[in-house]
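To start, the structure itself, in structure tokens.
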Amino acid sequence: MDPPKSPAGRGAVGIPDPLSNFDPPEYRDSTAEFLAEHQVDEICSQPYLTIDAERSVEDAIAELHETGVSSLLVTREDRLIGIFTERDVLEKVAERYERVRGLPVEDFMTAAPTIVYSENPSASAVAAIAIAGHRHVPVVNMDEQLLGIVSPRRVFRFIEESWS
């Protein structure tokens, strides 16, 4: 049974409603408002490519080359466990490719990458890219299911929408 209600601005009798004195946020400009008021899932996050963690470095590099993308989302049993990017190739593989090409891509991926949740404000994707410096940020839902990936180009297109 719900407690009895009191006059406007109050919840249960004698207890003030904490939301009755809520001031809406103030934004410095329309772009800031757009990024705060729209969710990550409104940014185009597809297509994206995945690769199983057990696949070889050689397979991963071939996939990057053949598709012309610069990152692969590494999964195990359909769960995101890492990201393998062109930067990983250059920093972790290039000088020793012949020795490591048959090893699993998970040995050379960036484990536990920064993610954004689809339900978060789109500003969180901008922050992950612009402030944290990640060029490719996986998008997941609250159940950690992979939904896509955002990149600077995709975010820029999304922001352009607010200007038109």
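Every chain in the structure tokens has a letter given in the order shown (A, B, ...), and although residue numbers restart at 1 in each chain, ligands are simply numbered from 1 in the order shown.
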
Polymer residues at most 10 Å from region 71-88 of chain A, only C-alpha atoms, same-chain spacing of 6 or more positions, as a PyMOL selection string: chain A and resi 48-55+57+60-61+63-65+94+105-115+135-140+144-146+148-149

Chain A: residues DSSP assigns to strand (DSSP E or B), reported as an MDAnalysis selection string: chainID A and resid 5 10 12 16 39 50:52 56 71:76 79:85 104 110:111 116:117 121 137:140 146:150

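By only C-alpha atoms, and with residues fewer than 4 positions from Glu161 (chain A) along its chain excluded, the set lying at most 10 Å from it is A:Thr31, A:Phe34, A:Phe156, A:Arg157.
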
Keeping N, CA, C and O atoms for every residue in the selection just given, could you write it to a file as a PDB file, in the first residue's frame?
```
ATOM      1  N   THR A  31      25.009  22.657 -29.423  1.00  0.00           N
ATOM      2  CA  THR A  31      25.699  21.387 -29.638  1.00  0.00           C
ATOM      3  C   THR A  31      25.848  20.633 -28.317  1.00  0.00           C
ATOM      4  O   THR A  31      25.623  19.420 -28.252  1.00  0.00           O
ATOM      5  N   PHE A  34      22.538  19.174 -27.556  1.00  0.00           N
ATOM      6  CA  PHE A  34      22.277  18.044 -28.440  1.00  0.00           C
ATOM      7  C   PHE A  34      22.982  16.789 -27.928  1.00  0.00           C
ATOM      8  O   PHE A  34      22.389  15.711 -27.846  1.00  0.00           O
ATOM      9  N   PHE A 156      31.143  12.760 -35.809  1.00  0.00           N
ATOM     10  CA  PHE A 156      31.074  14.042 -36.521  1.00  0.00           C
ATOM     11  C   PHE A 156      29.806  14.130 -37.361  1.00  0.00           C
ATOM     12  O   PHE A 156      29.115  15.154 -37.350  1.00  0.00           O
ATOM     13  N   ARG A 157      29.482  13.051 -38.068  1.00  0.00           N
ATOM     14  CA  ARG A 157      28.232  13.047 -38.849  1.00  0.00           C
ATOM     15  C   ARG A 157      27.021  13.256 -37.951  1.00  0.00           C
ATOM     16  O   ARG A 157      26.080  13.956 -38.308  1.00  0.00           O
TER      17      ARG A 157
END
```

Atomic separation - CA of Val126 (chain A) relative to CA of Asp41 (chain A), Å: 12.9 Å

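Using only C-alpha atoms, the nearest neighbour of Asp143 (chain A) within the list A:Tyr97, A:Glu160, A:Thr67, A:Ser118 is A:Ser118.
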
DSSP helix (DSSP H, G or I) residues within region 7-133 of chain A, as an MDAnalysis selection string: chainID A and resid 30:37 40:42 57:67 86:100 105:107 123:131

Got a sec: who's within 12 Å of Ala127 (chain A), counting only C-alpha atoms, leaving out chain neighbours fewer than 4 positions off, as a CSV table (one decimal) with N, CA and C atoms, in the first residue's frame?
```csv
chain,number,residue,atom,x,y,z
A,32,ALA,N,26.2,21.3,-27.3
A,32,ALA,CA,26.3,20.7,-25.9
A,32,ALA,C,25.0,20.1,-25.5
A,35,LEU,N,24.3,16.9,-27.6
A,35,LEU,CA,25.0,15.8,-27.1
A,35,LEU,C,24.6,15.2,-25.7
A,36,ALA,N,24.0,16.1,-24.9
A,36,ALA,CA,23.5,15.7,-23.6
A,36,ALA,C,22.1,15.1,-23.7
A,40,VAL,N,23.7,7.6,-27.1
A,40,VAL,CA,24.7,7.0,-27.9
A,40,VAL,C,24.1,6.1,-29.0
A,114,THR,N,37.9,0.7,-23.6
A,114,THR,CA,36.9,1.7,-23.2
A,114,THR,C,35.6,1.4,-24.0
A,115,ILE,N,34.5,1.4,-23.4
A,115,ILE,CA,33.2,1.2,-24.0
A,115,ILE,C,32.3,2.3,-23.7
A,116,VAL,N,31.2,2.4,-24.5
A,116,VAL,CA,30.1,3.3,-24.1
A,116,VAL,C,28.8,2.5,-24.2
A,120,ASN,N,23.6,5.7,-22.7
A,120,ASN,CA,24.3,6.9,-22.2
A,120,ASN,C,24.1,8.1,-23.1
A,121,PRO,N,24.3,9.3,-22.6
A,121,PRO,CA,24.2,10.5,-23.4
A,121,PRO,C,25.3,10.4,-24.5
A,122,SER,N,25.1,10.9,-25.7
A,122,SER,CA,26.0,10.8,-26.8
A,122,SER,C,27.3,11.5,-26.4
A,123,ALA,N,27.3,12.5,-25.5
A,123,ALA,CA,28.5,13.2,-25.0
A,123,ALA,C,29.5,12.2,-24.5
A,131,ILE,N,38.5,13.1,-25.5
A,131,ILE,CA,39.3,13.3,-24.3
A,131,ILE,C,40.2,12.2,-23.9
A,132,ALA,N,39.6,10.9,-24.0
A,132,ALA,CA,40.4,9.8,-23.7
A,132,ALA,C,41.3,9.3,-24.8
A,133,GLY,N,41.0,9.8,-26.0
A,133,GLY,CA,41.9,9.6,-27.2
A,133,GLY,C,41.7,8.3,-27.9
A,134,HIS,N,40.6,7.6,-27.7
A,134,HIS,CA,40.3,6.4,-28.4
A,134,HIS,C,39.6,6.7,-29.8
A,135,ARG,N,40.2,6.1,-30.8
A,135,ARG,CA,39.6,6.3,-32.2
A,135,ARG,C,38.4,5.4,-32.5
A,136,HIS,N,38.3,4.3,-31.8
A,136,HIS,CA,37.2,3.4,-32.0
A,136,HIS,C,36.7,2.9,-30.7
A,137,VAL,N,35.4,3.1,-30.4
A,137,VAL,CA,34.9,2.8,-29.1
A,137,VAL,C,33.7,1.9,-29.3
A,150,VAL,N,31.7,3.2,-32.4
A,150,VAL,CA,31.6,4.6,-32.8
A,150,VAL,C,33.1,5.0,-33.1
A,151,SER,N,33.2,6.0,-34.0
A,151,SER,CA,34.5,6.5,-34.5
A,151,SER,C,34.3,8.0,-34.6
A,152,PRO,N,35.4,8.7,-34.7
A,152,PRO,CA,35.3,10.1,-34.9
A,152,PRO,C,34.5,10.5,-36.1
A,155,VAL,N,30.8,10.1,-35.2
A,155,VAL,CA,30.3,11.1,-34.3
A,155,VAL,C,30.2,12.4,-34.9
```

Which of A:Ile159, A:Leu90, A:Arg154, A:Ser124 sits closest to Pro47 (chain A) [using only C-alpha atoms]: A:Arg154
